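A.B. asks: First, the structure itself, so that you have it in front of you.
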Amino acid sequence: MLPALTLAVAVTGCVESTTGGGAPGGGELSLIAPGSLTTCTHLPYEPFQFPGEGGKIVGFDVELVDLVARDLGVQQKIVDAPFDEGIQSGESLNSGQCDVAAAAMTITDSRKQNLDFSDPYFNAEQALMVKKGSGITDLSQLRGKKLGVQVGTTGKDYAEAHKAEFGYEVVDFDDLALQQTAVKTGQVDAAVNDNGVLYNFAKNNPDTEVTKEFVTGDKYGIGVRKGNAALLAKVNESLAKAKQSGEYDRIYEKWFGKKPE
């Protein structure tokens with residue numbers, strides 16, 4: 001287990017600065033608002049982050065970042081931000097809108113140019129969702145048909161990479177809910193997105209089904225502003241501690257119905 005961070009809080013204006021001689025990663029750990037770890041995410045992306053009962057934002061990612069906030073002695077505050085132009089571009093972090101970005105975000109080389117990632121915390125693949133009974137089990141069966149994607153995602157990248165080969169039309173949606181609804185209503189013939197969210201939707205909407213996974217080796221990471229080494233180290237420390245203590249497994253099983261493999 002990594003050494004715990006000793007907190008000494010000094011607030012100046014609206015910035016909370018947390019410093020300690022044993023701070024992992026060195027330097028000063030600063031948060032944009034006193035008493036809060038502000039998280040940018042993009043809603044909804046069930047079961048990672050979505051409005052639950054009473055509108056409270058809940059989900060797998062939410063509970064993991066709650067552990068980071070707890071270790072910092074603050075509360076998590078969640079901000080809904082555009083995924084493409086705000087989160088993966090790094091703009092939401094650079095503009096001071098949030099301290100961390102947690103949005104079931106795959107670690108990619110292009111995104112690494114815009115923000116720094118934590119150690120991976122979730123393994124994912126791309127998957128194909130269709131209306132139940134459609135008979136569509138592969139991209140090769142979509143020639144002349146419409147494939148829905150979510151803008152800014154690795155699922156869109158995967159769909160675009162194979163469009164010429166399989167001859168389908170790519171239809172963009174701004175968020176996951178719109179993409180999933182389009183499959184239900186027949187606006188598109190299929191959708192590609194991360195397996196976790198599509199399996200969750202199909203479970204709750206039995207008129208849809210996931211018929212294939214594509215092995216892509218995607219891994220999710222929590223993002224921080226580039227160069228924010230102190231906060232990044234704290235995030236990594238909290239994730240490692242949760243995995244060692246069993247808290248990670250408990251949260252994973254709560255949201256996915258099984259322990260991580």
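A note on labels: chains of the structure tokens are A, B, ... as shown, every chain counts residues from 1, and ligands are counted from 1 in their shown order.
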As a PyMOL selection string, list the residues of stretch 95-179 of chain A assigned to strand (DSSP E) by DSSP on the backbone atoms of this structure.
C.D. replies: chain A and resi 100-101+116-117+122-131+146-150+169-173
A.B. asks: Hey, what's within 12 Å of A:Gly55 if we count only C-alpha atoms and toss same-chain stuff fewer than 5 positions away? As a ChimeraX atom specification, please?
C.D. replies: /A:43-44,49-50
A.B. asks: Could you give me, as a Markdown table, every stretch 96-134 of chain A residue with an atom at most 6 Å from stretch 185-209 of chain A, plus its closest atom pair and distance in Å to one decimal, counting only C-alpha atoms, rows ordered by chain then number?
C.D. replies:
| residue | atom | partner | partner_atom | distance |
| --- | --- | --- | --- | --- |
| A:Glu125 | CA | A:Asn195 | CA | 5.6 |
| A:Gln126 | CA | A:Asp194 | CA | 4.6 |
| A:Ala127 | CA | A:Asn195 | CA | 4.9 |
| A:Leu128 | CA | A:Val192 | CA | 4.8 |
| A:Met129 | CA | A:Ala191 | CA | 5.2 |
| A:Val130 | CA | A:Ala190 | CA | 4.6 |
| A:Lys131 | CA | A:Thr208 | CA | 4.3 |
| A:Lys132 | CA | A:Thr208 | CA | 4.6 |
A.B. asks: May I ask which of the residues A:His162, A:Lys112, A:Arg250, A:Lys56 is the closest one to A:Gly227, counting only C-alpha atoms?
C.D. replies: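 Closest residue, counting only C-alpha atoms: A:Lys112.
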A.B. asks: Quick one: residues within 9 Å of A:Val170, only C-alpha atoms counted, chain neighbours fewer than 5 positions away excluded, as a list of chain:residue names?
C.D. replies: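 Using only C-alpha atoms, the neighbours found are A:Lys145, A:Lys146, A:Leu147, A:Gly148, A:Val149, A:Lys156, A:Ala159, A:Glu160, A:Lys163.
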A.B. asks: Looking at only C-alpha atoms, which of A:Thr106, A:Thr41, A:Ser30, A:Thr181 is the one that sits closest to A:Thr216?
C.D. replies: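 Closest to A:Thr216, using only C-alpha atoms: A:Thr106.
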A.B. asks: Would you mind reading off the distance between atom CA of A:Ile32 and atom CA of A:Ala104, one decimal, in Å?
C.D. replies: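 Computing it gives 22.2 Å between the two atoms.
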A.B. asks: If we count only C-alpha atoms and set the cut-off at 6 Å, which residues sit around A:Val68, ignoring sequence neighbours fewer than 2 positions away in its own chain? Please answer as a tab-separated table (two decimals) with all heavy atoms, in the first residue's frame.
C.D. replies:
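Listed below is the output, around-v3.tsv:
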chain	number	residue	atom	x	y	z
A	65	VAL	N	-14.46	7.61	-7.91
A	65	VAL	CA	-13.96	8.96	-7.62
A	65	VAL	C	-14.34	9.38	-6.21
A	65	VAL	O	-13.62	10.15	-5.57
A	65	VAL	CB	-14.45	9.97	-8.68
A	65	VAL	CG1	-13.94	11.37	-8.35
A	65	VAL	CG2	-13.96	9.56	-10.07
A	66	ASP	N	-15.45	8.86	-5.70
A	66	ASP	CA	-15.79	9.11	-4.29
A	66	ASP	C	-14.68	8.64	-3.36
A	66	ASP	O	-14.42	9.27	-2.32
A	66	ASP	CB	-17.09	8.40	-3.91
A	66	ASP	CG	-18.35	9.21	-4.24
A	66	ASP	OD1	-18.22	10.44	-4.43
A	66	ASP	OD2	-19.43	8.61	-4.31
A	70	ARG	N	-12.75	10.94	-0.75
A	70	ARG	CA	-12.67	10.55	0.66
A	70	ARG	C	-11.23	10.61	1.15
A	70	ARG	O	-10.95	11.11	2.25
A	70	ARG	CB	-13.23	9.14	0.84
A	70	ARG	CG	-13.22	8.63	2.28
A	70	ARG	CD	-13.47	7.14	2.33
A	70	ARG	NE	-12.36	6.39	1.72
A	70	ARG	CZ	-12.38	5.08	1.49
A	70	ARG	NH1	-13.46	4.37	1.79
A	70	ARG	NH2	-11.33	4.49	0.96
A	71	ASP	N	-10.32	10.11	0.35
A	71	ASP	CA	-8.91	10.11	0.75
A	71	ASP	C	-8.34	11.52	0.84
A	71	ASP	O	-7.37	11.77	1.57
A	71	ASP	CB	-8.08	9.27	-0.22
A	71	ASP	CG	-8.37	7.78	-0.10
A	71	ASP	OD1	-9.01	7.38	0.89
A	71	ASP	OD2	-7.96	7.02	-1.00
A	235	VAL	N	-4.82	10.14	-7.25
A	235	VAL	CA	-5.82	9.28	-7.89
A	235	VAL	C	-5.29	7.85	-7.99
A	235	VAL	O	-5.99	6.89	-7.65
A	235	VAL	CB	-6.19	9.83	-9.28
A	235	VAL	CG1	-7.06	8.82	-10.04
A	235	VAL	CG2	-6.92	11.16	-9.17
A	238	SER	N	-5.27	6.13	-4.59
A	238	SER	CA	-6.60	5.71	-4.13
A	238	SER	C	-7.09	4.49	-4.90
A	238	SER	O	-7.69	3.58	-4.31
A	238	SER	CB	-7.60	6.86	-4.30
A	238	SER	OG	-7.26	7.95	-3.46
A.B. asks: Can I get the residues of stretch 174-203 of chain A within 12 Å of stretch 83-101 of chain A, each with the closest pair of atoms and their distance in Å to one decimal, using only C-alpha atoms, sorted chain first then ascending number, as JSON lines?
C.D. replies:
{"residue": "A:Asp174", "atom": "CA", "partner": "A:Phe83", "partner_atom": "CA", "distance": 8.7}
{"residue": "A:Asp175", "atom": "CA", "partner": "A:Phe83", "partner_atom": "CA", "distance": 8.6}
{"residue": "A:Leu176", "atom": "CA", "partner": "A:Phe83", "partner_atom": "CA", "distance": 10.8}
A.B. asks: Using only C-alpha atoms, which of A:Lys77, A:Ser110, A:Val62, A:Ser140 sits nearest A:Ser36?
C.D. replies: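 Looking at the shortest contact to A:Ser36, the residue is A:Lys77.
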A.B. asks: Taking the backbone alone, and naming residues the way the document does, which bits of stretch 17-166 of chain A are alpha helix (DSSP H) by DSSP, as a count of residues only?
C.D. replies: 34
A.B. asks: Do you have the atom CA of A:Ala242-atom CA of A:Gly257 distance handy?
C.D. replies: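 Atom CA of A:Gly257 lies 18.2 Å from atom CA of A:Ala242.
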A.B. asks: Rank A:Pro82, A:Gln180, A:Val171, A:Leu64 by their smallest atom-to-atom distance to A:Gly152, using only C-alpha atoms, and report the top residue only.
C.D. replies: A:Pro82
A.B. asks: When you draw a straight line from atom CA of A:Gly73 to atom CA of A:Glu247, how long is it in Å?
C.D. replies: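 It comes out at 17.6 Å.
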A.B. asks: Please determine, counting only C-alpha atoms, which residue among A:Cys40, A:Ala230, A:Ala103, A:Val79 has the shortest atom-to-atom distance to A:Phe60.
C.D. replies: A:Ala103
